[in-house]
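Novice: Dumping the structure here so I can ask a few things about it.
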There are 2 protein chains.
Amino acid sequence: MDCVFCKIVKKEIPTEFLHEDELVVAFRDINPIAPAHVLVIPKKHIGSVADVSESDEKLMGRMILSAKRIAEDLKISGNGYKLLFRVGRHGGQEVGHLHLHLIGGAKLSENIRPVT
Amino acid sequence: MDCVFCKIVKKEIPTEFLHEDELVVAFRDINPIAPAHVLVIPKKHIGSVADVSESDEKLMGRMILSAKRIAEDLKISGNGYKLLFRVGRHGGQEVGHLHLHLIGGAKLSENIRPVT
């Protein structure tokens, strides 16, 4: 399968991991939109949140907990951050392998609205 | 404790639930920013993602899975949506009881950036 995030998981694309365990890995977004911008992804290929199954509850919890711990490691937790899943076309998803955005390191403005 | 979301959980503030199980409830945001805007919250009081503990992995997974199923129920899953945790001051959190935003029902524009 020609999935860039699967290649990162398999270390075919050299990437510095901020976290790795048996379920997930985390690395910096190559196009950061804030001083801290990290992606947490499952090691197994899942297309998006819309594709997770009931048996993935533990995995999804691990993704959130991993992001929370990484925020602490990066010393951005006290001030706060955003955790964001973009899902599908309306959600603005850009890579077809499930990923959670950890965005922080500065006070953030946010504008999410329907395209008119 | 004077937490508005705890009052919703305890049904002291009458609210239509889109989902309820032993861990979480879900209801529509009273100030929606999109045609579909739902909040999924834990029944127990947790301040924010920054306050979850290792033992909350199952709960966090349940929050994500619940949002995913609600998106299917609302028929907004095929086109996509966003799932968002705002955490703390920099993240723009407005209520001090952990909540996950499910935002969809239209193609969404998104602009998240540091306040300059």
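Order determines the names: the first chain of the structure tokens is A, the second B, and so forth; residues in each chain are numbered 1 upward, and ligands are numbered 1 upward as they are shown.
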What lies within 12 Å of stretch 11-17 of chain A using only C-alpha atoms, ignoring chain neighbours under 3 positions off, as a list in words?
Specialist: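 Answer for this query is Asp2, Cys3, Val4, Phe5, Cys6, Lys7, Ile8, Glu20, Asp21, Val24, Val25, Ala26, Phe27, Arg28, Asp29, Ile30, Val38, Leu39, Val40, Ile41, Lys43 and Ile70 of chain A.
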Novice: Please produce, as a tab-separated table, a per-residue contact table for chain B versus chain A (criterion: any atom at most 7 Å away, only C-alpha atoms considered), showing the nearest atom pair and its distance in Å to one decimal, sorted by chain then residue number.
Specialist:
```
residue	atom	partner	partner_atom	distance
B:Ile33	CA	A:Arg113	CA	6.0
B:Ala34	CA	A:Pro114	CA	6.0
B:Val49	CA	A:Lys68	CA	6.7
B:Ala50	CA	A:Lys68	CA	6.2
B:Glu57	CA	A:Gly61	CA	4.5
B:Lys58	CA	A:Lys58	CA	5.7
B:Met60	CA	A:Gly61	CA	4.6
B:Gly61	CA	A:Gly61	CA	3.8
B:Arg62	CA	A:Glu57	CA	6.0
B:Ile64	CA	A:Met60	CA	6.8
B:Leu65	CA	A:Glu57	CA	6.6
B:Lys68	CA	A:Ala50	CA	6.2
B:Ser77	CA	A:Ala50	CA	6.5
B:Asn79	CA	A:His90	CA	5.6
B:Gly80	CA	A:Gly88	CA	4.2
B:Tyr81	CA	A:Gly91	CA	4.1
B:Lys82	CA	A:Arg86	CA	4.8
B:Leu83	CA	A:Phe85	CA	5.1
B:Leu84	CA	A:Leu84	CA	4.6
B:Phe85	CA	A:Leu83	CA	5.0
B:Arg86	CA	A:Lys82	CA	4.8
B:Val87	CA	A:Gly80	CA	5.0
B:Gly88	CA	A:Gly80	CA	4.2
B:Arg89	CA	A:Gly80	CA	5.5
B:His90	CA	A:Lys107	CA	4.1
B:Gly91	CA	A:Tyr81	CA	4.1
B:Ala106	CA	A:Pro114	CA	5.7
B:Lys107	CA	A:His90	CA	4.1
B:Leu108	CA	A:Pro114	CA	4.4
B:Ser109	CA	A:Arg113	CA	5.5
B:Glu110	CA	A:Ile112	CA	4.5
B:Asn111	CA	A:Asn111	CA	5.0
B:Ile112	CA	A:Glu110	CA	4.5
B:Arg113	CA	A:Leu108	CA	5.4
B:Pro114	CA	A:Leu108	CA	4.4
B:Val115	CA	A:Leu108	CA	5.4
```
Novice: Per DSSP on the backbone, filter chain A down to the residues in alpha helix (DSSP H) and report them as an MDAnalysis selection string.
Specialist: chainID A and resid 4:9 57:73 88:91
Novice: If you measure from atom CA of A:Lys44 to atom CA of A:Asp73, what distance in Å do you get, rounded to one decimal?
Specialist: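 Computed distance, atom CA of A:Lys44 to atom CA of A:Asp73, equals 24.6 Å.
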Novice: For the atom pair atom CA of B:Leu98 and atom CA of B:Gly47, what is the interatomic distance in Å to one decimal place?
Specialist: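 Atom CA of B:Gly47 lies at a distance of 5.3 Å from atom CA of B:Leu98.
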Novice: From a DSSP pass on the backbone, collect the residues of chain A flagged as strand (DSSP E) and hand them back as an MDAnalysis selection string.
Specialist: chainID A and resid 19:20 24:28 36:42 81:87 100:104 108:114
Novice: What is the atom CA of A:Gly96-atom CA of A:Leu18 distance in Å, reported with one decimal?
Specialist: 21.3 Å
